[in-house]
>>> print(open('query34.pdb').read())   # PDB, C-alpha atoms
ATOM      1  CA  MET F   1     115.827  33.280 137.668
ATOM      2  CA  ALA F   2     114.648  30.409 135.452
ATOM      3  CA  GLY F   3     111.491  31.353 133.563
ATOM      4  CA  LYS F   4     111.666  34.966 134.680
ATOM      5  CA  GLU F   5     112.776  37.706 132.325
ATOM      6  CA  PRO F   6     115.787  39.743 133.501
ATOM      7  CA  LEU F   7     115.187  43.316 134.609
ATOM      8  CA  VAL F   8     117.244  46.157 133.150
ATOM      9  CA  PHE F   9     117.771  49.480 134.929
ATOM     10  CA  ILE F  10     117.208  52.436 132.586
ATOM     11  CA  ASP F  11     117.242  55.980 133.946
ATOM     12  CA  GLY F  12     115.718  55.152 137.313
ATOM     13  CA  GLU F  13     113.236  52.504 136.163
ATOM     14  CA  TYR F  14     113.405  48.740 135.732
ATOM     15  CA  HIS F  15     112.227  47.240 132.442
ATOM     16  CA  PRO F  16     111.874  43.608 131.320
ATOM     17  CA  LYS F  17     114.771  42.713 129.021
ATOM     18  CA  SER F  18     112.466  42.364 125.989
ATOM     19  CA  GLU F  19     111.276  45.957 126.459
ATOM     20  CA  ALA F  20     114.565  47.531 127.548
ATOM     21  CA  THR F  21     115.262  50.150 124.888
ATOM     22  CA  VAL F  22     116.896  53.543 124.475
ATOM     23  CA  SER F  23     116.238  56.221 121.885
ATOM     24  CA  VAL F  24     117.767  55.924 118.413
ATOM     25  CA  TYR F  25     118.710  59.578 118.951
ATOM     26  CA  ASP F  26     120.872  58.698 121.950
ATOM     27  CA  HIS F  27     124.418  59.847 121.195
ATOM     28  CA  GLY F  28     125.745  56.612 122.647
ATOM     29  CA  PHE F  29     124.023  54.847 119.745
ATOM     30  CA  LEU F  30     124.729  57.523 117.133
ATOM     31  CA  TYR F  31     128.374  58.235 117.953
ATOM     32  CA  GLY F  32     129.607  55.874 120.661
ATOM     33  CA  ASP F  33     129.517  58.938 122.925
ATOM     34  CA  GLY F  34     129.651  57.456 126.391
ATOM     35  CA  VAL F  35     131.497  55.187 128.783
ATOM     36  CA  PHE F  36     130.840  51.811 130.330
ATOM     37  CA  GLU F  37     132.062  49.254 132.843
ATOM     38  CA  GLY F  38     131.963  45.467 132.856
ATOM     39  CA  ILE F  39     131.762  44.101 136.403
ATOM     40  CA  ARG F  40     131.492  40.654 137.961
ATOM     41  CA  ALA F  41     129.635  39.361 140.997
ATOM     42  CA  TYR F  42     130.930  36.259 142.743
ATOM     43  CA  ASN F  43     129.105  34.324 145.434
ATOM     44  CA  GLY F  44     126.948  37.276 146.467
ATOM     45  CA  THR F  45     129.655  39.965 146.302
ATOM     46  CA  VAL F  46     130.115  42.523 143.505
ATOM     47  CA  PHE F  47     133.846  42.201 142.871
ATOM     48  CA  ARG F  48     136.033  45.331 143.030
ATOM     49  CA  LEU F  49     132.971  47.523 142.644
ATOM     50  CA  LYS F  50     134.615  50.563 144.210
ATOM     51  CA  GLU F  51     137.425  50.415 141.643
ATOM     52  CA  HIS F  52     135.011  50.012 138.733
ATOM     53  CA  ILE F  53     132.871  52.935 139.899
ATOM     54  CA  ARG F  54     135.962  55.101 140.333
ATOM     55  CA  ARG F  55     137.098  54.390 136.769
ATOM     56  CA  LEU F  56     133.576  54.957 135.440
ATOM     57  CA  TYR F  57     133.403  58.391 137.044
ATOM     58  CA  GLU F  58     136.881  59.294 135.840
ATOM     59  CA  GLY F  59     135.621  58.589 132.325
ATOM     60  CA  ILE F  60     132.461  60.601 132.958
ATOM     61  CA  LYS F  61     134.574  63.548 134.092
ATOM     62  CA  VAL F  62     136.980  63.440 131.148
ATOM     63  CA  THR F  63     134.171  63.108 128.587
ATOM     64  CA  ARG F  64     132.294  65.970 130.296
ATOM     65  CA  ILE F  65     129.065  64.052 130.787
ATOM     66  CA  ASN F  66     126.976  65.946 133.336
ATOM     67  CA  LEU F  67     125.642  63.056 135.408
ATOM     68  CA  ASP F  68     123.662  63.925 138.523
ATOM     69  CA  LEU F  69     124.020  60.486 140.143
ATOM     70  CA  THR F  70     126.619  60.291 142.906
ATOM     71  CA  LYS F  71     129.071  57.413 143.164
ATOM     72  CA  GLU F  72     127.108  56.098 146.135
ATOM     73  CA  GLN F  73     123.841  56.223 144.201
ATOM     74  CA  MET F  74     125.456  54.441 141.251
ATOM     75  CA  THR F  75     126.886  51.793 143.574
ATOM     76  CA  ASN F  76     123.456  51.211 145.092
ATOM     77  CA  ALA F  77     121.863  50.987 141.637
ATOM     78  CA  VAL F  78     124.406  48.395 140.473
ATOM     79  CA  VAL F  79     123.954  46.193 143.529
ATOM     80  CA  ASP F  80     120.177  46.634 143.448
ATOM     81  CA  THR F  81     120.057  45.484 139.819
ATOM     82  CA  VAL F  82     121.893  42.285 140.750
ATOM     83  CA  ARG F  83     119.615  41.790 143.755
ATOM     84  CA  ARG F  84     116.383  42.310 141.803
ATOM     85  CA  ASN F  85     117.504  39.695 139.287
ATOM     86  CA  ASN F  86     118.072  37.183 142.104
ATOM     87  CA  LEU F  87     121.690  36.626 141.122
ATOM     88  CA  THR F  88     124.692  35.774 143.265
ATOM     89  CA  ASP F  89     127.099  35.242 140.344
ATOM     90  CA  ALA F  90     126.671  37.647 137.461
ATOM     91  CA  TYR F  91     128.170  39.722 134.702
ATOM     92  CA  ILE F  92     127.113  43.357 135.056
ATOM     93  CA  ARG F  93     127.250  46.048 132.387
ATOM     94  CA  VAL F  94     126.948  49.727 133.360
ATOM     95  CA  ILE F  95     126.533  52.219 130.513
ATOM     96  CA  VAL F  96     126.477  56.006 130.782
ATOM     97  CA  SER F  97     125.836  57.748 127.461
ATOM     98  CA  ARG F  98     125.612  61.428 126.558
ATOM     99  CA  GLY F  99     121.884  60.873 126.207
ATOM    100  CA  ARG F 100     119.265  61.779 123.653
ATOM    101  CA  GLY F 101     120.079  64.647 121.296
ATOM    102  CA  ASN F 102     119.841  65.514 117.628
ATOM    103  CA  LEU F 103     121.706  64.140 114.608
ATOM    104  CA  GLY F 104     124.563  66.597 115.014
ATOM    105  CA  LEU F 105     127.703  66.027 117.068
ATOM    106  CA  ASP F 106     127.126  69.020 119.335
ATOM    107  CA  PRO F 107     126.917  67.577 122.881
ATOM    108  CA  ARG F 108     124.827  70.565 123.971
ATOM    109  CA  SER F 109     121.861  68.968 122.201
ATOM    110  CA  CYS F 110     121.856  66.236 124.866
ATOM    111  CA  PRO F 111     120.263  67.708 128.013
ATOM    112  CA  LYS F 112     120.399  64.574 130.138
ATOM    113  CA  PRO F 113     122.692  61.517 130.181
ATOM    114  CA  SER F 114     121.258  58.022 130.011
ATOM    115  CA  VAL F 115     122.188  55.306 132.522
ATOM    116  CA  VAL F 116     121.665  51.621 131.763
ATOM    117  CA  ILE F 117     122.561  48.729 134.082
ATOM    118  CA  MET F 118     122.242  45.074 133.082
ATOM    119  CA  ALA F 119     122.969  41.987 135.186
ATOM    120  CA  GLU F 120     122.767  38.475 133.819
ATOM    121  CA  PRO F 121     124.153  35.016 134.586
ATOM    122  CA  VAL F 122     127.813  34.743 133.676
ATOM    123  CA  ALA F 123     128.775  33.558 130.203
ATOM    124  CA  PRO F 124     132.611  33.542 130.382
ATOM    125  CA  ALA F 125     134.563  34.910 127.431
ATOM    126  CA  HIS F 126     136.609  31.710 127.567
ATOM    127  CA  GLY F 127     135.379  28.535 129.228
ATOM    128  CA  LYS F 128     136.903  25.879 131.462
ATOM    129  CA  GLU F 129     138.630  24.141 128.557
ATOM    130  CA  ALA F 130     140.449  27.355 127.634
ATOM    131  CA  ARG F 131     141.812  27.679 131.166
ATOM    132  CA  GLU F 132     142.949  24.066 131.180
ATOM    133  CA  LYS F 133     144.422  23.904 127.669
ATOM    134  CA  GLY F 134     145.113  27.535 126.801
ATOM    135  CA  ILE F 135     144.137  29.628 123.790
ATOM    136  CA  THR F 136     145.779  30.941 120.626
ATOM    137  CA  ALA F 137     146.398  34.510 119.508
ATOM    138  CA  ILE F 138     147.619  36.500 116.542
ATOM    139  CA  ILE F 139     149.174  39.944 116.337
ATOM    140  CA  SER F 140     146.656  42.291 114.770
ATOM    141  CA  GLY F 141     147.436  44.939 112.195
ATOM    142  CA  TYR F 142     145.255  47.387 114.131
ATOM    143  CA  ARG F 143     147.198  49.604 116.530
ATOM    144  CA  ARG F 144     146.227  51.052 119.883
ATOM    145  CA  ASP F 145     145.777  54.827 120.017
ATOM    146  CA  ARG F 146     148.657  57.176 120.754
ATOM    147  CA  VAL F 147     149.090  57.910 124.436
ATOM    148  CA  ASP F 148     148.895  61.666 123.895
ATOM    149  CA  GLY F 149     145.126  61.202 123.671
ATOM    150  CA  THR F 150     142.724  60.114 126.404
ATOM    151  CA  SER F 151     140.878  57.305 124.684
ATOM    152  CA  HIS F 152     143.065  54.448 125.922
ATOM    153  CA  GLU F 153     142.340  55.410 129.536
ATOM    154  CA  LEU F 154     138.576  55.266 128.969
ATOM    155  CA  LYS F 155     136.104  52.420 128.704
ATOM    156  CA  SER F 156     134.565  54.184 125.719
ATOM    157  CA  LEU F 157     131.458  52.884 123.968
ATOM    158  CA  ASN F 158     133.406  53.104 120.711
ATOM    159  CA  TYR F 159     135.082  49.671 120.430
ATOM    160  CA  ILE F 160     135.293  49.488 116.634
ATOM    161  CA  GLN F 161     139.085  49.112 116.666
ATOM    162  CA  SER F 162     138.826  46.102 118.969
ATOM    163  CA  VAL F 163     135.984  44.625 116.918
ATOM    164  CA  MET F 164     138.037  44.819 113.724
ATOM    165  CA  ALA F 165     141.010  43.243 115.488
ATOM    166  CA  LYS F 166     138.732  40.426 116.647
ATOM    167  CA  PHE F 167     137.704  39.855 113.029
ATOM    168  CA  GLN F 168     141.374  39.354 112.184
ATOM    169  CA  ALA F 169     141.620  36.709 114.911
ATOM    170  CA  ILE F 170     138.495  34.977 113.589
ATOM    171  CA  ASP F 171     139.844  35.021 110.031
ATOM    172  CA  ALA F 172     143.077  33.427 111.298
ATOM    173  CA  SER F 173     141.172  30.799 113.335
ATOM    174  CA  ALA F 174     142.677  32.256 116.525
ATOM    175  CA  ASP F 175     140.955  33.071 119.793
ATOM    176  CA  GLU F 176     142.432  36.501 120.512
ATOM    177  CA  ALA F 177     143.983  39.442 118.691
ATOM    178  CA  LEU F 178     146.972  41.184 120.241
ATOM    179  CA  MET F 179     147.352  44.862 119.443
ATOM    180  CA  LEU F 180     150.589  46.842 119.295
ATOM    181  CA  ASP F 181     151.019  50.550 119.915
ATOM    182  CA  GLY F 182     152.173  53.099 117.358
ATOM    183  CA  ARG F 183     155.816  52.270 118.103
ATOM    184  CA  GLY F 184     155.326  48.569 117.477
ATOM    185  CA  MET F 185     155.481  47.684 121.165
ATOM    186  CA  VAL F 186     153.041  45.233 122.736
ATOM    187  CA  SER F 187     149.911  46.917 124.095
ATOM    188  CA  GLU F 188     147.017  44.576 124.927
ATOM    189  CA  PHE F 189     144.601  42.036 123.514
ATOM    190  CA  HIS F 190     141.478  43.306 121.764
ATOM    191  CA  GLY F 191     139.493  43.138 125.010
ATOM    192  CA  SER F 192     141.902  42.209 127.792
ATOM    193  CA  ASN F 193     145.340  42.893 129.270
ATOM    194  CA  LEU F 194     148.515  40.866 128.794
ATOM    195  CA  PHE F 195     151.070  39.389 131.177
ATOM    196  CA  MET F 196     154.282  37.666 130.094
ATOM    197  CA  ILE F 197     156.512  35.457 132.236
ATOM    198  CA  LYS F 198     160.202  34.943 131.543
ATOM    199  CA  ASP F 199     162.702  33.402 133.976
ATOM    200  CA  ASN F 200     160.132  33.508 136.809
ATOM    201  CA  ARG F 201     159.606  37.264 136.354
ATOM    202  CA  PHE F 202     156.218  38.720 135.467
ATOM    203  CA  ASN F 203     156.031  41.517 132.903
ATOM    204  CA  THR F 204     153.112  43.590 131.649
ATOM    205  CA  PRO F 205     153.048  46.477 129.145
ATOM    206  CA  SER F 206     153.343  49.925 130.690
ATOM    207  CA  SER F 207     150.822  52.726 130.311
ATOM    208  CA  ALA F 208     153.058  54.191 127.589
ATOM    209  CA  SER F 209     151.798  51.438 125.273
ATOM    210  CA  GLY F 210     148.202  52.656 125.463
ATOM    211  CA  VAL F 211     146.823  49.861 127.642
ATOM    212  CA  LEU F 212     143.512  50.224 129.410
ATOM    213  CA  PRO F 213     144.259  50.253 133.158
ATOM    214  CA  GLY F 214     142.209  47.129 133.807
ATOM    215  CA  VAL F 215     140.693  46.476 137.224
ATOM    216  CA  THR F 216     141.512  42.768 136.973
ATOM    217  CA  ARG F 217     145.016  43.666 135.754
ATOM    218  CA  ALA F 218     145.601  45.832 138.815
ATOM    219  CA  ARG F 219     144.455  43.085 141.201
ATOM    220  CA  VAL F 220     146.629  40.489 139.457
ATOM    221  CA  MET F 221     149.625  42.821 139.719
ATOM    222  CA  ARG F 222     149.035  42.959 143.462
ATOM    223  CA  LEU F 223     148.582  39.203 143.566
ATOM    224  CA  THR F 224     151.971  38.536 141.966
ATOM    225  CA  ASP F 225     153.566  40.599 144.736
ATOM    226  CA  GLU F 226     151.589  38.699 147.384
ATOM    227  CA  LEU F 227     152.873  35.452 145.868
ATOM    228  CA  GLY F 228     156.441  36.727 146.112
ATOM    229  CA  TYR F 229     157.233  37.307 142.438
ATOM    230  CA  GLU F 230     158.898  40.242 140.728
ATOM    231  CA  LEU F 231     156.736  42.193 138.299
ATOM    232  CA  ARG F 232     157.774  44.919 135.905
ATOM    233  CA  GLU F 233     155.666  47.336 133.884
ATOM    234  CA  ARG F 234     157.737  48.035 130.800
ATOM    235  CA  ASP F 235     157.914  48.101 127.026
ATOM    236  CA  ILE F 236     157.646  44.588 125.573
ATOM    237  CA  THR F 237     158.547  43.711 121.991
ATOM    238  CA  PRO F 238     156.664  41.122 119.918
ATOM    239  CA  PHE F 239     159.902  39.105 119.732
ATOM    240  CA  GLU F 240     159.953  38.790 123.523
ATOM    241  CA  LEU F 241     156.497  37.252 123.444
ATOM    242  CA  MET F 242     157.621  34.541 121.045
ATOM    243  CA  ILE F 243     160.378  33.433 123.431
ATOM    244  CA  ALA F 244     158.362  33.875 126.635
ATOM    245  CA  ASP F 245     157.985  30.997 129.087
ATOM    246  CA  GLU F 246     154.322  31.794 129.707
ATOM    247  CA  ILE F 247     151.691  34.308 128.595
ATOM    248  CA  PHE F 248     148.242  34.926 129.999
ATOM    249  CA  LEU F 249     145.502  37.493 129.615
ATOM    250  CA  THR F 250     143.352  39.154 132.248
ATOM    251  CA  GLY F 251     139.920  40.744 132.074
ATOM    252  CA  THR F 252     136.634  41.052 133.904
ATOM    253  CA  MET F 253     134.789  38.649 131.633
ATOM    254  CA  ALA F 254     137.755  36.419 130.807
ATOM    255  CA  GLU F 255     139.314  36.424 134.303
ATOM    256  CA  ILE F 256     142.720  34.750 133.671
ATOM    257  CA  VAL F 257     143.356  32.640 130.571
ATOM    258  CA  PRO F 258     146.679  31.104 129.418
ATOM    259  CA  VAL F 259     147.887  31.842 125.884
ATOM    260  CA  VAL F 260     149.843  28.899 124.446
ATOM    261  CA  LYS F 261     150.407  29.980 120.837
ATOM    262  CA  MET F 262     151.136  33.382 119.289
ATOM    263  CA  ASN F 263     151.220  33.894 115.510
ATOM    264  CA  GLY F 264     151.536  30.138 115.131
ATOM    265  CA  ILE F 265     154.560  29.958 117.451
ATOM    266  CA  GLN F 266     154.287  27.771 120.538
ATOM    267  CA  ILE F 267     154.690  29.571 123.857
ATOM    268  CA  GLY F 268     156.794  27.614 126.344
ATOM    269  CA  ASP F 269     155.945  23.934 126.104
ATOM    270  CA  GLY F 270     152.583  24.662 124.505
ATOM    271  CA  HIS F 271     150.620  24.144 127.717
ATOM    272  CA  PRO F 272     149.482  26.481 130.516
ATOM    273  CA  GLY F 273     152.552  27.080 132.673
ATOM    274  CA  PRO F 274     152.973  26.528 136.424
ATOM    275  CA  LEU F 275     153.100  30.214 137.356
ATOM    276  CA  THR F 276     149.995  30.979 135.320
ATOM    277  CA  LYS F 277     148.207  28.132 137.095
ATOM    278  CA  GLU F 278     149.350  29.519 140.448
ATOM    279  CA  VAL F 279     147.961  32.950 139.573
ATOM    280  CA  ILE F 280     144.663  31.403 138.444
ATOM    281  CA  ARG F 281     144.316  29.570 141.768
ATOM    282  CA  GLY F 282     145.182  32.719 143.697
ATOM    283  CA  PHE F 283     142.708  34.806 141.741
ATOM    284  CA  GLN F 284     139.955  32.250 142.278
ATOM    285  CA  ARG F 285     140.528  32.525 146.038
ATOM    286  CA  ILE F 286     140.376  36.306 145.833
ATOM    287  CA  THR F 287     137.048  36.328 143.999
ATOM    288  CA  GLN F 288     135.451  34.365 146.848
ATOM    289  CA  ASP F 289     136.578  36.875 149.501
ATOM    290  CA  PRO F 290     133.723  39.259 150.488
ATOM    291  CA  LYS F 291     136.304  41.894 151.457
ATOM    292  CA  GLU F 292     137.253  42.188 147.770
ATOM    293  CA  GLY F 293     133.971  43.855 146.867
ATOM    294  CA  VAL F 294     130.522  44.956 147.991
ATOM    295  CA  PRO F 295     128.171  42.248 149.326
ATOM    296  CA  ILE F 296     124.805  42.306 147.585
ATOM    297  CA  GLY F 297     123.003  42.733 150.906
ATOM    298  CA  ALA F 298     125.194  45.641 152.027
ATOM    299  CA  THR F 299     123.484  48.522 150.187
ATOM    300  CA  VAL F 300     120.080  50.137 150.345
ATOM    301  CA  GLN F 301     117.369  49.178 147.884
ATOM    302  CA  VAL F 302     116.855  51.716 145.118
ATOM    303  CA  GLN F 303     113.378  53.218 144.948
ATOM    304  CA  ALA F 304     112.706  52.610 141.277
ATOM    305  CA  ARG F 305     109.561  51.861 139.323
ATOM    306  CA  VAL F 306     109.345  48.410 137.740
ATOM    307  CA  ARG F 307     107.709  48.470 134.312
ATOM    308  CA  THR F 308     105.577  45.441 133.492
ATOM    309  CA  PRO F 309     104.904  44.027 130.014
TER     310      PRO F 309
END
>>> encode(input="query34.pdb", output="structure tokens")
Amino acid sequence: MAGKEPLVFIDGEYHPKSEATVSVYDHGFLYGDGVFEGIRAYNGTVFRLKEHIRRLYEGIKVTRINLDLTKEQMTNAVVDTVRRNNLTDAYIRVIVSRGRGNLGLDPRSCPKPSVVIMAEPVAPAHGKEAREKGITAIISGYRRDRVDGTSHELKSLNYIQSVMAKFQAIDASADEALMLDGRGMVSEFHGSNLFMIKDNRFNTPSSASGVLPGVTRARVMRLTDELGYELRERDITPFELMIADEIFLTGTMAEIVPVVKMNGIQIGDGHPGPLTKEVIRGFQRITQDPKEGVPIGATVQVQARVRTP
């Protein structure tokens, strides 16, 4: 794709990246009223696309966005966007907003949702060095939402809480910010899920802590079982993290990254641990398996107009 501007899917049409715009009256822009998914393509296969589309449509249902695209049509549009950009490895962003309305909050002013799909070459959240040496984290003062709401289950466009937590990490010269729930239990990092290893047992915070049910998290949970390890979803205290043998994070953009220091305290021996490395190797194998997603050549081409500059 060198020298060629990426194409962005917007409401049934493809636009060059430099001209890909939405209305300033879109409620996604005005209020963060919408949902999104971050998806990866590996070696010509869109990884875990079915799971991402399912979660996207669960969010659409809960937020009462009246989208007339079926899951199959959305799947085709995602794959077609990757195909039209001549990518085999990509990061994909799918956004569904309430659409254009007026300056009030009333969702009835938005007659039609807006759908945006972007696919670009991968720029990992953490690079090769981070996987080899590990990263640092701090515990943020910002808390995840109470679980009696629905926001923690959604990939909402409103990420201000995570952004502010990231600022705290930056101010502390750390790579990641870990967020607790309202009870003071471990929830998740500002943009990824957490796994802790102690005495060869894997642990990850339960849904009661307000974690986003990550697609990568779910596949890694399955992977630990395939590798023969015990895994528990449970409440985890910050103290337990400090005495953990290993910690790693999972996410679509980040994949799997070891955490070797938390709040200035060394985790384990201060290096990525053997079980984390085993999970990384296993996950890398999984991402190269076409059965783990939708091959780019397996869907029909979307009949969409391509806007030219």
>>> closest_atom_pairs(input="query34.pdb", of="range 66-161 of chain F", to="range 275-287 of chain F", cutoff="12 Å", atoms="only C-alpha atoms", output="JSON lines")
{"residue": "F:Asp89", "atom": "CA", "partner": "F:Thr287", "partner_atom": "CA", "distance": 10.7}
{"residue": "F:Lys128", "atom": "CA", "partner": "F:Ile280", "partner_atom": "CA", "distance": 11.8}
{"residue": "F:Arg131", "atom": "CA", "partner": "F:Ile280", "partner_atom": "CA", "distance": 8.7}
{"residue": "F:Glu132", "atom": "CA", "partner": "F:Lys277", "partner_atom": "CA", "distance": 8.9}
{"residue": "F:Lys133", "atom": "CA", "partner": "F:Lys277", "partner_atom": "CA", "distance": 11.0}
{"residue": "F:Gly134", "atom": "CA", "partner": "F:Thr276", "partner_atom": "CA", "distance": 10.4}
>>> atom_distance(input="query34.pdb", atom1="CA of Asn203 in chain F", atom2="CA of Arg54 in chain F")
25.3 Å
>>> atom_distance(input="query34.pdb", atom1="CA of Glu233 in chain F", atom2="CA of Ser187 in chain F")
11.4 Å
>>> residues_near_point(input="query34.pdb", point="(136.8, 48.5, 141.3)", cutoff="12 Å", atoms="only C-alpha atoms", output="MDAnalysis selection string")
chainID F and resid 37:41 46:57 71 75 213:219 252 292:294
>>> write_last_selection(input="query34.pdb", atoms="C-alpha atoms", output="PDB file, keeping the file's coordinate frame")
ATOM      1  CA  GLU F  37     132.062  49.254 132.843  1.00  0.00           C
ATOM      2  CA  GLY F  38     131.963  45.467 132.856  1.00  0.00           C
ATOM      3  CA  ILE F  39     131.762  44.101 136.403  1.00  0.00           C
ATOM      4  CA  ARG F  40     131.492  40.654 137.961  1.00  0.00           C
ATOM      5  CA  ALA F  41     129.635  39.361 140.997  1.00  0.00           C
ATOM      6  CA  VAL F  46     130.115  42.523 143.505  1.00  0.00           C
ATOM      7  CA  PHE F  47     133.846  42.201 142.871  1.00  0.00           C
ATOM      8  CA  ARG F  48     136.033  45.331 143.030  1.00  0.00           C
ATOM      9  CA  LEU F  49     132.971  47.523 142.644  1.00  0.00           C
ATOM     10  CA  LYS F  50     134.615  50.563 144.210  1.00  0.00           C
ATOM     11  CA  GLU F  51     137.425  50.415 141.643  1.00  0.00           C
ATOM     12  CA  HIS F  52     135.011  50.012 138.733  1.00  0.00           C
ATOM     13  CA  ILE F  53     132.871  52.935 139.899  1.00  0.00           C
ATOM     14  CA  ARG F  54     135.962  55.101 140.333  1.00  0.00           C
ATOM     15  CA  ARG F  55     137.098  54.390 136.769  1.00  0.00           C
ATOM     16  CA  LEU F  56     133.576  54.957 135.440  1.00  0.00           C
ATOM     17  CA  TYR F  57     133.403  58.391 137.044  1.00  0.00           C
ATOM     18  CA  LYS F  71     129.071  57.413 143.164  1.00  0.00           C
ATOM     19  CA  THR F  75     126.886  51.793 143.574  1.00  0.00           C
ATOM     20  CA  PRO F 213     144.259  50.253 133.158  1.00  0.00           C
ATOM     21  CA  GLY F 214     142.209  47.129 133.807  1.00  0.00           C
ATOM     22  CA  VAL F 215     140.693  46.476 137.224  1.00  0.00           C
ATOM     23  CA  THR F 216     141.512  42.768 136.973  1.00  0.00           C
ATOM     24  CA  ARG F 217     145.016  43.666 135.754  1.00  0.00           C
ATOM     25  CA  ALA F 218     145.601  45.832 138.815  1.00  0.00           C
ATOM     26  CA  ARG F 219     144.455  43.085 141.201  1.00  0.00           C
ATOM     27  CA  THR F 252     136.634  41.052 133.904  1.00  0.00           C
ATOM     28  CA  GLU F 292     137.253  42.188 147.770  1.00  0.00           C
ATOM     29  CA  GLY F 293     133.971  43.855 146.867  1.00  0.00           C
ATOM     30  CA  VAL F 294     130.522  44.956 147.991  1.00  0.00           C
TER      31      VAL F 294
END
>>> closest_residue(input="query34.pdb", among="F:Ile135, F:Glu255, F:Ser162, F:Ile267", to="Lys198 in chain F", atoms="all atoms listed in the file")
F:Ile267
>>> atom_distance(input="query34.pdb", atom1="CA of Glu5 in chain F", atom2="CA of Phe36 in chain F")
23.0 Å
>>> axis_aligned_box(input="query34.pdb", around="range 183-187 of chain F", padding_each_side="8 Å", output="JSON")
{"center_x": 152.9, "center_y": 48.8, "center_z": 120.8, "size_x": 21.9, "size_y": 23.0, "size_z": 22.6}
>>> closest_residue(input="query34.pdb", among="F:Asp68, F:Asp33, F:Glu58, F:Asp145", to="Asn158 in chain F", atoms="all atoms listed in the file")
F:Asp33
>>> resolve_selection(input="query34.pdb", expression="the PyMOL selection byres ((chain F and resi 181) around 7)", output="MDAnalysis selection string")
chainID F and resid 143:145 179:180 182:187 209:210
>>> write_last_selection(input="query34.pdb", atoms="C-alpha atoms", output="mmCIF file, in the coordinates of the input")
data_model
loop_
_atom_site.group_PDB
_atom_site.id
_atom_site.type_symbol
_atom_site.label_atom_id
_atom_site.label_comp_id
_atom_site.auth_asym_id
_atom_site.auth_seq_id
_atom_site.Cartn_x
_atom_site.Cartn_y
_atom_site.Cartn_z
ATOM 1 C CA ARG F 143 147.198 49.604 116.530
ATOM 2 C CA ARG F 144 146.227 51.052 119.883
ATOM 3 C CA ASP F 145 145.777 54.827 120.017
ATOM 4 C CA MET F 179 147.352 44.862 119.443
ATOM 5 C CA LEU F 180 150.589 46.842 119.295
ATOM 6 C CA GLY F 182 152.173 53.099 117.358
ATOM 7 C CA ARG F 183 155.816 52.270 118.103
ATOM 8 C CA GLY F 184 155.326 48.569 117.477
ATOM 9 C CA MET F 185 155.481 47.684 121.165
ATOM 10 C CA VAL F 186 153.041 45.233 122.736
ATOM 11 C CA SER F 187 149.911 46.917 124.095
ATOM 12 C CA SER F 209 151.798 51.438 125.273
ATOM 13 C CA GLY F 210 148.202 52.656 125.463
#
>>> residues_around(input="query34.pdb", residues="Tyr159 in chain F", least_positions_apart="4", cutoff="12 Å", atoms="all atoms listed in the file", output="list in words")
Gly28, Tyr31, Gly32, Asp33, Gly34, Val35, Phe36, Arg144, Asp145, Ser151, His152, Leu154, Lys155, Val163, Met164, Ala165, Lys166, His190 and Gly191 of chain F
>>> resolve_selection(input="query34.pdb", expression="the PyMOL selection byres ((chain F and resi 111) around 12)", output="VMD selection string")
chain F and resid 26 to 27 65 to 68 97 to 102 106 to 110 112 to 114
>>> closest_residue(input="query34.pdb", among="F:Leu249, F:Val62, F:Met118, F:Val94", to="Pro6 in chain F", atoms="all atoms listed in the file")
F:Met118
>>> resolve_selection(input="query34.pdb", expression="the PyMOL selection byres ((chain F and resi 240-247) around 7)", output="ChimeraX atom specification")
/F:195-198,236-239,248,258-259,262,265,267-268,273
>>> residues_around(input="query34.pdb", residues="Val82 in chain F", least_positions_apart="3", cutoff="10 Å", atoms="only C-alpha atoms", output="number ranges by chain")
F: 6-8, 41, 44-46, 77-79, 85-92, 117-121, 296
>>> closest_residue(input="query34.pdb", among="F:Lys61, F:Lys4, F:Lys261, F:Lys17", to="Thr136 in chain F", atoms="all atoms listed in the file")
F:Lys261
>>> residues_near_point(input="query34.pdb", point="(115.6, 48.9, 126.7)", cutoff="10 Å", atoms="only C-alpha atoms", output="PDB file with C-alpha atoms, in the coordinates of the input")
ATOM      1  CA  LEU F   7     115.187  43.316 134.609  1.00  0.00           C
ATOM      2  CA  VAL F   8     117.244  46.157 133.150  1.00  0.00           C
ATOM      3  CA  PHE F   9     117.771  49.480 134.929  1.00  0.00           C
ATOM      4  CA  ILE F  10     117.208  52.436 132.586  1.00  0.00           C
ATOM      5  CA  TYR F  14     113.405  48.740 135.732  1.00  0.00           C
ATOM      6  CA  HIS F  15     112.227  47.240 132.442  1.00  0.00           C
ATOM      7  CA  PRO F  16     111.874  43.608 131.320  1.00  0.00           C
ATOM      8  CA  LYS F  17     114.771  42.713 129.021  1.00  0.00           C
ATOM      9  CA  SER F  18     112.466  42.364 125.989  1.00  0.00           C
ATOM     10  CA  GLU F  19     111.276  45.957 126.459  1.00  0.00           C
ATOM     11  CA  ALA F  20     114.565  47.531 127.548  1.00  0.00           C
ATOM     12  CA  THR F  21     115.262  50.150 124.888  1.00  0.00           C
ATOM     13  CA  VAL F  22     116.896  53.543 124.475  1.00  0.00           C
ATOM     14  CA  SER F  23     116.238  56.221 121.885  1.00  0.00           C
ATOM     15  CA  VAL F 116     121.665  51.621 131.763  1.00  0.00           C
ATOM     16  CA  MET F 118     122.242  45.074 133.082  1.00  0.00           C
TER      17      MET F 118
END
>>> closest_residue(input="query34.pdb", among="F:Ala298, F:Val96, F:Leu194, F:Ala177", to="Arg83 in chain F", atoms="all atoms listed in the file")
F:Ala298
>>> closest_residue(input="query34.pdb", among="F:Ala137, F:Val211, F:Ile160, F:Leu223", to="Val257 in chain F", atoms="all atoms listed in the file")
F:Ala137
>>> decode(input="query34.pdb", residues="range 13-19 of chain F", atoms="C-alpha atoms", output="tab-separated table (two decimals), in the first residue's frame")
chain	number	residue	atom	x	y	z
F	13	GLU	CA	-18.92	4.48	0.62
F	14	TYR	CA	-15.13	4.40	0.58
F	15	HIS	CA	-13.24	7.66	1.06
F	16	PRO	CA	-9.51	8.45	0.93
F	17	LYS	CA	-8.18	8.83	4.47
F	18	SER	CA	-7.51	12.57	3.98
F	19	GLU	CA	-11.18	13.13	3.12
